[in-house]
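Novice: So I've got this file, target.pdb, and it contains PDB, C-alpha atoms, pLDDT in the B column:
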```
ATOM      1  CA  GLU B   1       0.000   0.000   0.000  1.00 56.00           C
ATOM      2  CA  ALA B   2       1.141   3.545  -0.762  1.00 54.00           C
ATOM      3  CA  ALA B   3       3.011   5.350   1.984  1.00 92.00           C
ATOM      4  CA  VAL B   4       2.175   9.021   2.370  1.00 97.00           C
ATOM      5  CA  THR B   5       3.599  10.897   5.325  1.00 97.00           C
ATOM      6  CA  GLN B   6       2.627  14.384   6.444  1.00 98.00           C
ATOM      7  CA  SER B   7       4.305  16.884   8.720  1.00 97.00           C
ATOM      8  CA  PRO B   8       3.588  18.412  11.065  1.00 97.00           C
ATOM      9  CA  ARG B   9       0.752  16.224  12.353  1.00 97.00           C
ATOM     10  CA  SER B  10      -0.536  19.081  14.435  1.00 97.00           C
ATOM     11  CA  LYS B  11       0.122  22.810  14.514  1.00 98.00           C
ATOM     12  CA  VAL B  12      -1.187  25.946  16.191  1.00 98.00           C
ATOM     13  CA  ALA B  13      -0.602  29.064  14.102  1.00 98.00           C
ATOM     14  CA  VAL B  14      -1.206  32.752  14.689  1.00 98.00           C
ATOM     15  CA  THR B  15      -3.573  34.703  12.446  1.00 98.00           C
ATOM     16  CA  GLY B  16      -1.566  36.381   9.694  1.00 97.00           C
ATOM     17  CA  GLY B  17       1.372  34.030  10.070  1.00 97.00           C
ATOM     18  CA  LYS B  18       2.811  31.721   7.428  1.00 98.00           C
ATOM     19  CA  VAL B  19       2.164  27.981   7.596  1.00 98.00           C
ATOM     20  CA  THR B  20       3.745  25.250   5.502  1.00 98.00           C
ATOM     21  CA  LEU B  21       2.360  21.719   5.501  1.00 98.00           C
ATOM     22  CA  SER B  22       4.602  19.078   3.960  1.00 98.00           C
ATOM     23  CA  CYS B  23       3.845  15.772   2.300  1.00 98.00           C
ATOM     24  CA  HIS B  24       6.180  12.993   1.185  1.00 98.00           C
ATOM     25  CA  GLN B  25       5.262   9.842  -0.735  1.00 97.00           C
ATOM     26  CA  THR B  26       7.514   6.868  -1.396  1.00 95.00           C
ATOM     27  CA  ASN B  27       5.575   5.008  -4.064  1.00 85.00           C
ATOM     28  CA  ASN B  28       6.589   6.765  -7.220  1.00 88.00           C
ATOM     29  CA  HIS B  29       3.076   8.072  -7.843  1.00 91.00           C
ATOM     30  CA  ASP B  30       2.648  10.780 -10.457  1.00 91.00           C
ATOM     31  CA  TYR B  31      -0.299  12.583  -8.920  1.00 93.00           C
ATOM     32  CA  MET B  32      -0.500  14.330  -5.565  1.00 95.00           C
ATOM     33  CA  TYR B  33      -3.320  16.215  -3.898  1.00 96.00           C
ATOM     34  CA  TRP B  34      -4.161  18.405  -0.937  1.00 98.00           C
ATOM     35  CA  TYR B  35      -7.623  18.109   0.586  1.00 98.00           C
ATOM     36  CA  ARG B  36      -9.232  19.912   3.462  1.00 98.00           C
ATOM     37  CA  GLN B  37     -11.699  18.240   5.834  1.00 97.00           C
ATOM     38  CA  ASP B  38     -14.254  20.197   7.826  1.00 91.00           C
ATOM     39  CA  THR B  39     -17.324  18.958   9.643  1.00 81.00           C
ATOM     40  CA  GLY B  40     -20.275  19.412   7.321  1.00 77.00           C
ATOM     41  CA  HIS B  41     -18.136  19.863   4.214  1.00 79.00           C
ATOM     42  CA  GLY B  42     -16.544  16.491   3.755  1.00 88.00           C
ATOM     43  CA  LEU B  43     -13.246  16.491   1.852  1.00 95.00           C
ATOM     44  CA  ARG B  44     -12.587  19.331  -0.564  1.00 95.00           C
ATOM     45  CA  LEU B  45      -9.753  19.582  -3.083  1.00 94.00           C
ATOM     46  CA  ILE B  46      -7.429  22.572  -2.651  1.00 97.00           C
ATOM     47  CA  HIS B  47      -4.554  21.965  -5.091  1.00 97.00           C
ATOM     48  CA  TYR B  48      -3.192  19.065  -7.060  1.00 95.00           C
ATOM     49  CA  SER B  49      -0.178  18.212  -9.181  1.00 94.00           C
ATOM     50  CA  TYR B  50       0.404  15.669 -11.922  1.00 91.00           C
ATOM     51  CA  VAL B  51       4.118  16.354 -12.430  1.00 92.00           C
ATOM     52  CA  ALA B  52       7.024  17.898 -10.535  1.00 94.00           C
ATOM     53  CA  ASP B  53       7.372  21.694 -10.779  1.00 95.00           C
ATOM     54  CA  SER B  54       3.734  22.101 -11.760  1.00 94.00           C
ATOM     55  CA  THR B  55       0.583  22.601  -9.670  1.00 96.00           C
ATOM     56  CA  GLU B  56      -3.072  23.111 -10.468  1.00 94.00           C
ATOM     57  CA  LYS B  57      -5.937  24.755  -8.605  1.00 95.00           C
ATOM     58  CA  GLY B  58      -8.629  22.541  -7.175  1.00 93.00           C
ATOM     59  CA  ASP B  59     -12.095  23.515  -6.011  1.00 92.00           C
ATOM     60  CA  ILE B  60     -11.140  25.802  -3.099  1.00 95.00           C
ATOM     61  CA  PRO B  61      -7.668  27.275  -3.844  1.00 97.00           C
ATOM     62  CA  ASP B  62      -8.177  30.793  -2.422  1.00 97.00           C
ATOM     63  CA  GLY B  63      -5.742  31.564   0.394  1.00 97.00           C
ATOM     64  CA  TYR B  64      -3.499  28.594  -0.435  1.00 98.00           C
ATOM     65  CA  LYS B  65      -0.421  28.006  -2.558  1.00 98.00           C
ATOM     66  CA  ALA B  66       1.169  24.693  -3.457  1.00 98.00           C
ATOM     67  CA  SER B  67       4.663  23.603  -4.407  1.00 98.00           C
ATOM     68  CA  ARG B  68       5.864  20.335  -5.984  1.00 98.00           C
ATOM     69  CA  PRO B  69       9.676  20.494  -6.078  1.00 97.00           C
ATOM     70  CA  SER B  70      10.059  16.773  -6.788  1.00 97.00           C
ATOM     71  CA  GLN B  71       7.893  13.766  -7.564  1.00 96.00           C
ATOM     72  CA  GLU B  72       7.965  12.701  -3.909  1.00 97.00           C
ATOM     73  CA  ASN B  73       7.245  16.025  -2.197  1.00 98.00           C
ATOM     74  CA  PHE B  74       4.220  18.293  -2.232  1.00 98.00           C
ATOM     75  CA  SER B  75       3.733  21.264   0.100  1.00 98.00           C
ATOM     76  CA  LEU B  76       0.723  23.387   0.968  1.00 98.00           C
ATOM     77  CA  ILE B  77       1.487  26.990   1.927  1.00 98.00           C
ATOM     78  CA  LEU B  78      -0.740  29.407   3.801  1.00 98.00           C
ATOM     79  CA  GLU B  79       0.960  32.790   3.370  1.00 96.00           C
ATOM     80  CA  LEU B  80      -1.415  34.651   5.712  1.00 97.00           C
ATOM     81  CA  ALA B  81      -3.222  32.162   7.910  1.00 98.00           C
ATOM     82  CA  SER B  82      -6.798  33.030   8.845  1.00 98.00           C
ATOM     83  CA  LEU B  83      -9.246  31.646  11.402  1.00 97.00           C
ATOM     84  CA  SER B  84     -11.319  30.117   8.607  1.00 97.00           C
ATOM     85  CA  GLN B  85      -8.383  27.897   7.644  1.00 98.00           C
ATOM     86  CA  THR B  86      -8.640  25.918  10.865  1.00 97.00           C
ATOM     87  CA  ALA B  87      -9.206  22.374   9.614  1.00 97.00           C
ATOM     88  CA  VAL B  88      -7.618  18.979   9.088  1.00 97.00           C
ATOM     89  CA  TYR B  89      -5.547  18.789   5.912  1.00 98.00           C
ATOM     90  CA  PHE B  90      -4.905  15.571   4.029  1.00 98.00           C
ATOM     91  CA  CYS B  91      -2.336  14.851   1.378  1.00 98.00           C
ATOM     92  CA  ALA B  92      -2.929  12.030  -1.076  1.00 96.00           C
ATOM     93  CA  SER B  93      -1.174  10.411  -3.993  1.00 94.00           C
ATOM     94  CA  SER B  94      -2.293   8.218  -6.854  1.00 92.00           C
ATOM     95  CA  ALA B  95      -1.169   6.588 -10.056  1.00 87.00           C
ATOM     96  CA  SER B  96      -3.101   6.067 -13.242  1.00 74.00           C
ATOM     97  CA  LEU B  97      -2.144   2.390 -13.162  1.00 68.00           C
ATOM     98  CA  SER B  98      -4.194   1.965  -9.985  1.00 65.00           C
ATOM     99  CA  GLY B  99      -7.223   3.573 -11.589  1.00 71.00           C
ATOM    100  CA  ASN B 100      -6.503   6.725  -9.630  1.00 79.00           C
ATOM    101  CA  THR B 101      -7.317   5.267  -6.226  1.00 89.00           C
ATOM    102  CA  LEU B 102      -6.150   7.942  -3.801  1.00 93.00           C
ATOM    103  CA  TYR B 103      -3.878   6.935  -0.913  1.00 94.00           C
ATOM    104  CA  PHE B 104      -4.099   9.398   1.954  1.00 96.00           C
ATOM    105  CA  GLY B 105      -1.707  10.419   4.664  1.00 97.00           C
ATOM    106  CA  GLU B 106      -2.722  10.566   8.317  1.00 97.00           C
ATOM    107  CA  GLY B 107      -3.598  14.244   8.219  1.00 97.00           C
ATOM    108  CA  SER B 108      -2.320  17.528   9.643  1.00 98.00           C
ATOM    109  CA  ARG B 109      -4.543  19.242  12.168  1.00 97.00           C
ATOM    110  CA  LEU B 110      -4.172  23.030  11.913  1.00 98.00           C
ATOM    111  CA  ILE B 111      -5.625  25.414  14.463  1.00 97.00           C
ATOM    112  CA  VAL B 112      -5.353  29.128  13.684  1.00 97.00           C
ATOM    113  CA  VAL B 113      -5.788  31.435  16.680  1.00 97.00           C
TER
ATOM    114  CA  GLN I   1     -24.476  22.322  -4.755  1.00 74.00           C
ATOM    115  CA  GLN I   2     -23.023  19.059  -3.515  1.00 82.00           C
ATOM    116  CA  LYS I   3     -22.230  16.968  -6.593  1.00 90.00           C
ATOM    117  CA  VAL I   4     -21.954  13.723  -4.655  1.00 95.00           C
ATOM    118  CA  GLN I   5     -24.757  13.206  -2.166  1.00 96.00           C
ATOM    119  CA  GLN I   6     -24.809  10.520   0.497  1.00 97.00           C
ATOM    120  CA  SER I   7     -27.552   9.122   2.690  1.00 97.00           C
ATOM    121  CA  PRO I   8     -28.226   8.577   5.467  1.00 97.00           C
ATOM    122  CA  GLU I   9     -26.047  10.996   7.430  1.00 96.00           C
ATOM    123  CA  SER I  10     -25.695   8.430  10.198  1.00 97.00           C
ATOM    124  CA  LEU I  11     -26.601   4.812  10.742  1.00 97.00           C
ATOM    125  CA  SER I  12     -26.680   2.502  13.761  1.00 98.00           C
ATOM    126  CA  VAL I  13     -26.359  -1.217  13.100  1.00 98.00           C
ATOM    127  CA  PRO I  14     -26.312  -4.162  15.513  1.00 98.00           C
ATOM    128  CA  GLU I  15     -23.207  -6.314  15.508  1.00 98.00           C
ATOM    129  CA  GLY I  16     -23.696  -9.026  12.909  1.00 98.00           C
ATOM    130  CA  GLY I  17     -26.283  -6.973  11.041  1.00 98.00           C
ATOM    131  CA  MET I  18     -26.339  -5.417   7.573  1.00 98.00           C
ATOM    132  CA  ALA I  19     -25.483  -1.757   6.918  1.00 98.00           C
ATOM    133  CA  SER I  20     -26.667  -0.121   3.693  1.00 98.00           C
ATOM    134  CA  LEU I  21     -25.269   3.192   2.473  1.00 98.00           C
ATOM    135  CA  ASN I  22     -26.370   5.198  -0.546  1.00 98.00           C
ATOM    136  CA  CYS I  23     -24.721   7.687  -2.884  1.00 97.00           C
ATOM    137  CA  THR I  24     -26.018   9.658  -5.874  1.00 96.00           C
ATOM    138  CA  SER I  25     -24.206  11.974  -8.259  1.00 93.00           C
ATOM    139  CA  SER I  26     -25.810  14.990  -9.925  1.00 88.00           C
ATOM    140  CA  ASP I  27     -22.967  15.258 -12.453  1.00 88.00           C
ATOM    141  CA  ARG I  28     -23.249  12.934 -15.433  1.00 87.00           C
ATOM    142  CA  ASN I  29     -19.528  13.389 -16.059  1.00 86.00           C
ATOM    143  CA  PHE I  30     -18.852  11.271 -12.988  1.00 88.00           C
ATOM    144  CA  GLN I  31     -18.516   7.707 -14.216  1.00 84.00           C
ATOM    145  CA  TYR I  32     -16.152   6.108 -11.727  1.00 90.00           C
ATOM    146  CA  PHE I  33     -16.912   5.605  -8.044  1.00 94.00           C
ATOM    147  CA  TRP I  34     -15.100   4.657  -4.841  1.00 96.00           C
ATOM    148  CA  TRP I  35     -16.036   3.961  -1.267  1.00 98.00           C
ATOM    149  CA  TYR I  36     -13.620   5.156   1.404  1.00 98.00           C
ATOM    150  CA  ARG I  37     -13.632   4.507   5.144  1.00 98.00           C
ATOM    151  CA  GLN I  38     -12.156   6.798   7.782  1.00 97.00           C
ATOM    152  CA  HIS I  39     -11.619   5.809  11.392  1.00 96.00           C
ATOM    153  CA  SER I  40     -11.305   8.565  13.952  1.00 94.00           C
ATOM    154  CA  GLY I  41      -7.900  10.251  13.875  1.00 92.00           C
ATOM    155  CA  GLU I  42      -6.827   8.555  10.657  1.00 95.00           C
ATOM    156  CA  GLY I  43      -6.779   9.337   6.960  1.00 96.00           C
ATOM    157  CA  PRO I  44      -9.441   7.904   4.631  1.00 97.00           C
ATOM    158  CA  LYS I  45      -8.650   4.471   3.185  1.00 96.00           C
ATOM    159  CA  ALA I  46     -10.118   3.073  -0.009  1.00 95.00           C
ATOM    160  CA  LEU I  47     -12.489   0.151   0.519  1.00 97.00           C
ATOM    161  CA  MET I  48     -13.300  -0.531  -3.098  1.00 96.00           C
ATOM    162  CA  SER I  49     -13.866   1.009  -6.482  1.00 94.00           C
ATOM    163  CA  ILE I  50     -16.665   0.273  -8.940  1.00 95.00           C
ATOM    164  CA  PHE I  51     -16.693   1.347 -12.561  1.00 92.00           C
ATOM    165  CA  SER I  52     -19.205  -0.975 -14.246  1.00 93.00           C
ATOM    166  CA  ASP I  53     -22.938  -1.500 -13.814  1.00 95.00           C
ATOM    167  CA  GLY I  54     -23.864  -4.213 -11.348  1.00 96.00           C
ATOM    168  CA  ASP I  55     -22.394  -5.641  -8.177  1.00 97.00           C
ATOM    169  CA  LYS I  56     -18.836  -5.906  -6.940  1.00 97.00           C
ATOM    170  CA  LYS I  57     -18.055  -7.930  -3.836  1.00 97.00           C
ATOM    171  CA  GLU I  58     -14.952  -7.783  -1.655  1.00 96.00           C
ATOM    172  CA  GLY I  59     -15.255  -9.864   1.481  1.00 96.00           C
ATOM    173  CA  ARG I  60     -18.120  -8.559   3.626  1.00 97.00           C
ATOM    174  CA  PHE I  61     -18.512  -5.467   1.418  1.00 98.00           C
ATOM    175  CA  THR I  62     -20.682  -5.314  -1.700  1.00 98.00           C
ATOM    176  CA  ALA I  63     -21.019  -2.250  -3.923  1.00 98.00           C
ATOM    177  CA  HIS I  64     -23.693  -1.772  -6.544  1.00 98.00           C
ATOM    178  CA  LEU I  65     -23.591   0.758  -9.382  1.00 97.00           C
ATOM    179  CA  ASN I  66     -26.401   1.908 -11.653  1.00 96.00           C
ATOM    180  CA  LYS I  67     -24.815   4.202 -14.218  1.00 92.00           C
ATOM    181  CA  ALA I  68     -28.130   5.257 -15.736  1.00 92.00           C
ATOM    182  CA  SER I  69     -29.263   6.797 -12.440  1.00 93.00           C
ATOM    183  CA  LEU I  70     -25.710   7.525 -11.179  1.00 92.00           C
ATOM    184  CA  HIS I  71     -26.571   5.705  -7.983  1.00 96.00           C
ATOM    185  CA  VAL I  72     -24.075   3.623  -6.058  1.00 98.00           C
ATOM    186  CA  SER I  73     -24.630   1.748  -2.826  1.00 98.00           C
ATOM    187  CA  LEU I  74     -22.472  -0.058  -0.287  1.00 98.00           C
ATOM    188  CA  HIS I  75     -23.680  -2.970   1.808  1.00 98.00           C
ATOM    189  CA  ILE I  76     -21.714  -4.236   4.787  1.00 98.00           C
ATOM    190  CA  ARG I  77     -22.647  -7.761   5.771  1.00 98.00           C
ATOM    191  CA  ASP I  78     -22.018  -9.177   9.275  1.00 98.00           C
ATOM    192  CA  SER I  79     -21.083  -5.743  10.663  1.00 98.00           C
ATOM    193  CA  GLN I  80     -18.293  -5.685  13.238  1.00 97.00           C
ATOM    194  CA  PRO I  81     -17.402  -3.043  15.858  1.00 96.00           C
ATOM    195  CA  SER I  82     -14.332  -2.234  13.750  1.00 97.00           C
ATOM    196  CA  ASP I  83     -16.698  -1.150  10.956  1.00 98.00           C
ATOM    197  CA  SER I  84     -17.720   1.852  13.073  1.00 98.00           C
ATOM    198  CA  ALA I  85     -16.337   4.747  11.030  1.00 97.00           C
ATOM    199  CA  LEU I  86     -17.139   7.554   8.593  1.00 97.00           C
ATOM    200  CA  TYR I  87     -17.803   6.264   5.074  1.00 98.00           C
ATOM    201  CA  PHE I  88     -17.291   8.439   2.022  1.00 97.00           C
ATOM    202  CA  CYS I  89     -18.519   7.993  -1.493  1.00 97.00           C
ATOM    203  CA  ALA I  90     -16.195   9.552  -4.091  1.00 96.00           C
ATOM    204  CA  ALA I  91     -16.444  10.021  -7.826  1.00 94.00           C
ATOM    205  CA  ARG I  92     -14.120  10.900 -10.708  1.00 88.00           C
ATOM    206  CA  ARG I  93     -14.517  12.333 -14.160  1.00 72.00           C
ATOM    207  CA  GLY I  94     -12.489  10.946 -17.033  1.00 67.00           C
ATOM    208  CA  ASN I  95      -9.322  12.943 -16.288  1.00 70.00           C
ATOM    209  CA  TYR I  96      -7.123  10.952 -13.921  1.00 67.00           C
ATOM    210  CA  ALA I  97      -5.224  13.970 -12.658  1.00 72.00           C
ATOM    211  CA  GLN I  98      -8.182  15.906 -11.292  1.00 78.00           C
ATOM    212  CA  GLY I  99      -8.650  13.737  -8.240  1.00 86.00           C
ATOM    213  CA  LEU I 100     -11.890  12.640  -6.655  1.00 91.00           C
ATOM    214  CA  THR I 101     -14.969  14.548  -5.532  1.00 93.00           C
ATOM    215  CA  PHE I 102     -16.229  13.367  -2.157  1.00 95.00           C
ATOM    216  CA  GLY I 103     -19.636  13.289  -0.523  1.00 95.00           C
ATOM    217  CA  LEU I 104     -20.181  14.492   3.035  1.00 95.00           C
ATOM    218  CA  GLY I 105     -20.037  10.981   4.467  1.00 96.00           C
ATOM    219  CA  THR I 106     -22.203   8.553   6.409  1.00 97.00           C
ATOM    220  CA  ARG I 107     -21.327   7.871  10.049  1.00 97.00           C
ATOM    221  CA  VAL I 108     -21.790   4.159  10.836  1.00 98.00           C
ATOM    222  CA  SER I 109     -21.958   2.955  14.431  1.00 98.00           C
ATOM    223  CA  VAL I 110     -22.014  -0.771  15.186  1.00 98.00           C
ATOM    224  CA  PHE I 111     -23.425  -1.582  18.613  1.00 95.00           C
ATOM    225  CA  PRO I 112     -23.160  -4.908  20.512  1.00 92.00           C
TER
END
```
Go ahead and render the structure in this file as structure tokens.
Specialist:
Amino acid sequence: EAAVTQSPRSKVAVTGGKVTLSCHQTNNHDYMYWYRQDTGHGLRLIHYSYVADSTEKGDIPDGYKASRPSQENFSLILELASLSQTAVYFCASSASLSGNTLYFGEGSRLIVV
Amino acid sequence: QQKVQQSPESLSVPEGGMASLNCTSSDRNFQYFWWYRQHSGEGPKALMSIFSDGDKKEGRFTAHLNKASLHVSLHIRDSQPSDSALYFCAARRGNYAQGLTFGLGTRVSVFP
């Protein structure tokens, strides 16, 4: 099974501060994703990438940037964290050979105060 | 508007009983479906995918897809306490890279 690791697992950030969430996958998957989970909203796609050095906007990209410096690493950046960005963030990876089944990490819980 | 809708929101099932979950898509571009399960404090894990009309069985789990109505269901036979979790239905368009669109989930509780 795909191994996707996220860091940090938990973080408290100050409003207006910068937050970087990191994701690393070890299964040579082409595609990587960042999702946000909130009660009542399920999982929503923020950004995704299908190749290193390229990222695409998902359904809710406002307030977030993404970076894919290598096939294995995918970061989510909150330049100016806001209270509304308090949520659990999940990174996932997939490969077309697996029919695009997404393999998720364990999540990063972010609290903005 | 939620493009993948799940029902019920929550479900209580006796141990050994059958749990039935439903999912409908309002987007005819969605042709491929997954069921994911998420235990508290963990990331979602794929249970099974279904792409063709009809039934697909994996162990105690059976999924059914009706492409004409874009309705997919999941049935859990002989429910166990470990099946208590949040279950998501997810769907994909034809483009692999664009990821999956998830429903809001069904909370399943298995009681002894």
Novice: Take the point (-7.1, 25.3, -7.6) as written in the file and pick out every residue within 8 Å of it, counting only C-alpha atoms; give the list as a PyMOL selection string.
Specialist: chain B and resi 45-48+56-62
Novice: Just checking: using all atoms listed in the file, which residue out of I:Ala68, I:Ala63, I:Ala91, I:Met48 ends up closest to I:Gln2?
Specialist: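 Among I:Ala68, I:Ala63, I:Ala91, I:Met48, it is I:Ala91 that comes nearest to I:Gln2.
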Novice: Return as CSV the residues of chain B lying at most 12 Å from chain I, together with the closest atom-to-atom pair for each and the distance in Å to one decimal, counting only C-alpha atoms, with rows in chain order and ascending residue number.
Specialist:
```
residue,atom,partner,partner_atom,distance
B:Glu1,CA,I:Lys45,CA,10.2
B:Ala2,CA,I:Lys45,CA,10.6
B:Ala3,CA,I:Gly43,CA,11.7
B:Val4,CA,I:Gly43,CA,10.1
B:Thr5,CA,I:Gly43,CA,10.6
B:Gln6,CA,I:Gly43,CA,10.7
B:Arg9,CA,I:Gly41,CA,10.6
B:Ser10,CA,I:Gly41,CA,11.5
B:His29,CA,I:Ala97,CA,11.3
B:Asp30,CA,I:Ala97,CA,8.8
B:Tyr31,CA,I:Ala97,CA,6.3
B:Met32,CA,I:Ala97,CA,8.5
B:Tyr33,CA,I:Gly99,CA,7.3
B:Trp34,CA,I:Gly99,CA,9.8
B:Tyr35,CA,I:Gly99,CA,9.9
B:Arg36,CA,I:Phe102,CA,11.1
B:Gln37,CA,I:Leu104,CA,9.7
B:Asp38,CA,I:Leu104,CA,9.5
B:Thr39,CA,I:Leu104,CA,8.5
B:Gly40,CA,I:Leu104,CA,6.5
B:His41,CA,I:Leu104,CA,5.9
B:Gly42,CA,I:Leu104,CA,4.2
B:Leu43,CA,I:Phe102,CA,5.9
B:Arg44,CA,I:Phe102,CA,7.2
B:Leu45,CA,I:Thr101,CA,7.7
B:Ile46,CA,I:Gly99,CA,10.5
B:His47,CA,I:Gln98,CA,9.4
B:Tyr48,CA,I:Gln98,CA,7.3
B:Ser49,CA,I:Ala97,CA,7.5
B:Tyr50,CA,I:Ala97,CA,5.9
B:Val51,CA,I:Ala97,CA,9.6
B:Thr55,CA,I:Ala97,CA,10.8
B:Glu56,CA,I:Gln98,CA,8.9
B:Lys57,CA,I:Gln98,CA,9.5
B:Gly58,CA,I:Gln98,CA,7.8
B:Asp59,CA,I:Thr101,CA,9.4
B:Val88,CA,I:Gly43,CA,9.9
B:Tyr89,CA,I:Gly43,CA,9.6
B:Phe90,CA,I:Gly43,CA,7.1
B:Cys91,CA,I:Gly43,CA,9.0
B:Ala92,CA,I:Gly43,CA,9.3
B:Ser93,CA,I:Gly99,CA,9.2
B:Ser94,CA,I:Gly99,CA,8.5
B:Ala95,CA,I:Tyr96,CA,8.3
B:Ser96,CA,I:Tyr96,CA,6.4
B:Leu97,CA,I:Tyr96,CA,9.9
B:Ser98,CA,I:Tyr96,CA,10.2
B:Gly99,CA,I:Tyr96,CA,7.7
B:Asn100,CA,I:Tyr96,CA,6.1
B:Thr101,CA,I:Ala46,CA,7.2
B:Leu102,CA,I:Ala46,CA,7.3
B:Tyr103,CA,I:Lys45,CA,6.8
B:Phe104,CA,I:Gly43,CA,5.7
B:Gly105,CA,I:Gly43,CA,5.7
B:Glu106,CA,I:Gly43,CA,4.5
B:Gly107,CA,I:Gly43,CA,6.0
B:Ser108,CA,I:Gly43,CA,9.7
B:Arg109,CA,I:Gly41,CA,9.7
```
Novice: Compare I:Ser69, I:Ser7, I:Ser12, I:Ser79 by their minimum atom-to-atom distance to I:Phe30, counting only C-alpha atoms, and give me the closest one.
Specialist: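 Smallest distance to I:Phe30 is found for I:Ser69.
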Novice: Measure the distance from atom CA of I:Cys23 to atom CA of B:Gln85 in Å and round it to one decimal.
Specialist: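 Result for atom CA of I:Cys23 versus atom CA of B:Gln85: 28.0 Å, one decimal.
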Novice: Using the chain letters and numbers from the file, give me the residues hit by the PyMOL selection byres ((chain B and resi 82) around 9), as a list in words.
Specialist: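 This file gives the following for the PyMOL selection byres ((chain B and resi 82) around 9): Val14, Thr15, Gly16, Gly17, Gly63, Leu78, Leu80, Ala81, Leu83, Ser84, Gln85, Thr86, Val112 and Val113 of chain B.
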Novice: Could you list, as a VMD selection string, every residue within 8 Å of I:Ile76, counting all atoms listed in the file and ignoring same-chain residues fewer than 6 positions away?
Specialist: chain I and resid 18 to 20 60 to 62
Novice: Write a file of the selected residues as a PDB file, in the coordinates of the input, keeping C-alpha atoms.
Specialist:
```pdb
ATOM      1  CA  MET I  18     -26.339  -5.417   7.573  1.00 98.00           C
ATOM      2  CA  ALA I  19     -25.483  -1.757   6.918  1.00 98.00           C
ATOM      3  CA  SER I  20     -26.667  -0.121   3.693  1.00 98.00           C
ATOM      4  CA  ARG I  60     -18.120  -8.559   3.626  1.00 97.00           C
ATOM      5  CA  PHE I  61     -18.512  -5.467   1.418  1.00 98.00           C
ATOM      6  CA  THR I  62     -20.682  -5.314  -1.700  1.00 98.00           C
TER       7      THR I  62
END
```
Novice: Specify the axis-aligned box that encloses all atoms of stretch 47-62 of chain I listed in the file after padding of 4 Å on each side, stating its centre and edge lengths in Å to one decimal as AutoDock Vina command-line options.
Specialist:
```
--center_x -18.2 --center_y -4.3 --center_z -5.3 --size_x 19.4 --size_y 19.2 --size_z 25.9
```
Novice: I'd like the interatomic distance between atom CA of B:Ile77 and atom CA of B:Asn28, to a tenth of an Å.
Specialist: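 Between atom CA of B:Ile77 and atom CA of B:Asn28 the gap is 22.8 Å.
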Novice: Residue by residue, what does the PyMOL selection byres ((chain B and resi 72) around 8) grab here? Present the result as a ChimeraX atom specification.
Specialist: /B:24-26,28-29,70-71,73-74
Novice: Excluding I:Ser73 and residues on its chain fewer than 2 positions from it, collect all residues at most 7 Å away from it, counting all atoms listed in the file, and give them as a list in words.
Specialist: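 Counting only the stated atoms, we get Leu21, Asn22, Cys23, Ala63, His64, Leu65, His71 and His75 of chain I.
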Novice: Calculated over only C-alpha atoms, which of the candidates B:Leu76, B:Cys23, B:Ala52, B:Ile111 has the smallest distance to B:Tyr64?
Specialist: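 Looking only at the distances to B:Tyr64, the closest residue turns out to be B:Leu76.
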Novice: Complete the atoms of stretch 18-26 of chain B to N, CA, C and O atoms and put them out as a PDB file, in the frame of the given file.
Specialist:
```pdb
ATOM      1  N   LYS B  18       2.612  32.636   8.557  1.00 98.00           N
ATOM      2  CA  LYS B  18       2.811  31.721   7.428  1.00 98.00           C
ATOM      3  C   LYS B  18       2.875  30.287   7.943  1.00 98.00           C
ATOM      4  O   LYS B  18       3.527  30.005   8.950  1.00 98.00           O
ATOM      5  N   VAL B  19       2.185  29.401   7.232  1.00 98.00           N
ATOM      6  CA  VAL B  19       2.164  27.981   7.596  1.00 98.00           C
ATOM      7  C   VAL B  19       2.533  27.154   6.368  1.00 98.00           C
ATOM      8  O   VAL B  19       2.022  27.410   5.268  1.00 98.00           O
ATOM      9  N   THR B  20       3.407  26.194   6.570  1.00 98.00           N
ATOM     10  CA  THR B  20       3.745  25.250   5.502  1.00 98.00           C
ATOM     11  C   THR B  20       3.476  23.840   5.986  1.00 98.00           C
ATOM     12  O   THR B  20       4.001  23.409   7.013  1.00 98.00           O
ATOM     13  N   LEU B  21       2.644  23.137   5.240  1.00 98.00           N
ATOM     14  CA  LEU B  21       2.360  21.719   5.501  1.00 98.00           C
ATOM     15  C   LEU B  21       3.080  20.899   4.433  1.00 98.00           C
ATOM     16  O   LEU B  21       2.980  21.196   3.249  1.00 98.00           O
ATOM     17  N   SER B  22       3.784  19.865   4.885  1.00 98.00           N
ATOM     18  CA  SER B  22       4.602  19.078   3.960  1.00 98.00           C
ATOM     19  C   SER B  22       4.062  17.669   3.798  1.00 98.00           C
ATOM     20  O   SER B  22       3.468  17.104   4.721  1.00 98.00           O
ATOM     21  N   CYS B  23       4.311  17.120   2.622  1.00 98.00           N
ATOM     22  CA  CYS B  23       3.845  15.772   2.300  1.00 98.00           C
ATOM     23  C   CYS B  23       4.926  15.048   1.504  1.00 98.00           C
ATOM     24  O   CYS B  23       5.518  15.635   0.584  1.00 98.00           O
ATOM     25  N   HIS B  24       5.160  13.797   1.856  1.00 98.00           N
ATOM     26  CA  HIS B  24       6.180  12.993   1.185  1.00 98.00           C
ATOM     27  C   HIS B  24       5.596  11.620   0.871  1.00 98.00           C
ATOM     28  O   HIS B  24       5.019  10.967   1.739  1.00 98.00           O
ATOM     29  N   GLN B  25       5.747  11.181  -0.381  1.00 97.00           N
ATOM     30  CA  GLN B  25       5.262   9.842  -0.735  1.00 97.00           C
ATOM     31  C   GLN B  25       6.405   9.023  -1.333  1.00 97.00           C
ATOM     32  O   GLN B  25       7.279   9.568  -2.016  1.00 97.00           O
ATOM     33  N   THR B  26       6.391   7.741  -1.057  1.00 95.00           N
ATOM     34  CA  THR B  26       7.514   6.868  -1.396  1.00 95.00           C
ATOM     35  C   THR B  26       7.135   5.816  -2.436  1.00 95.00           C
ATOM     36  O   THR B  26       7.833   4.812  -2.581  1.00 95.00           O
TER      37      THR B  26
END
```
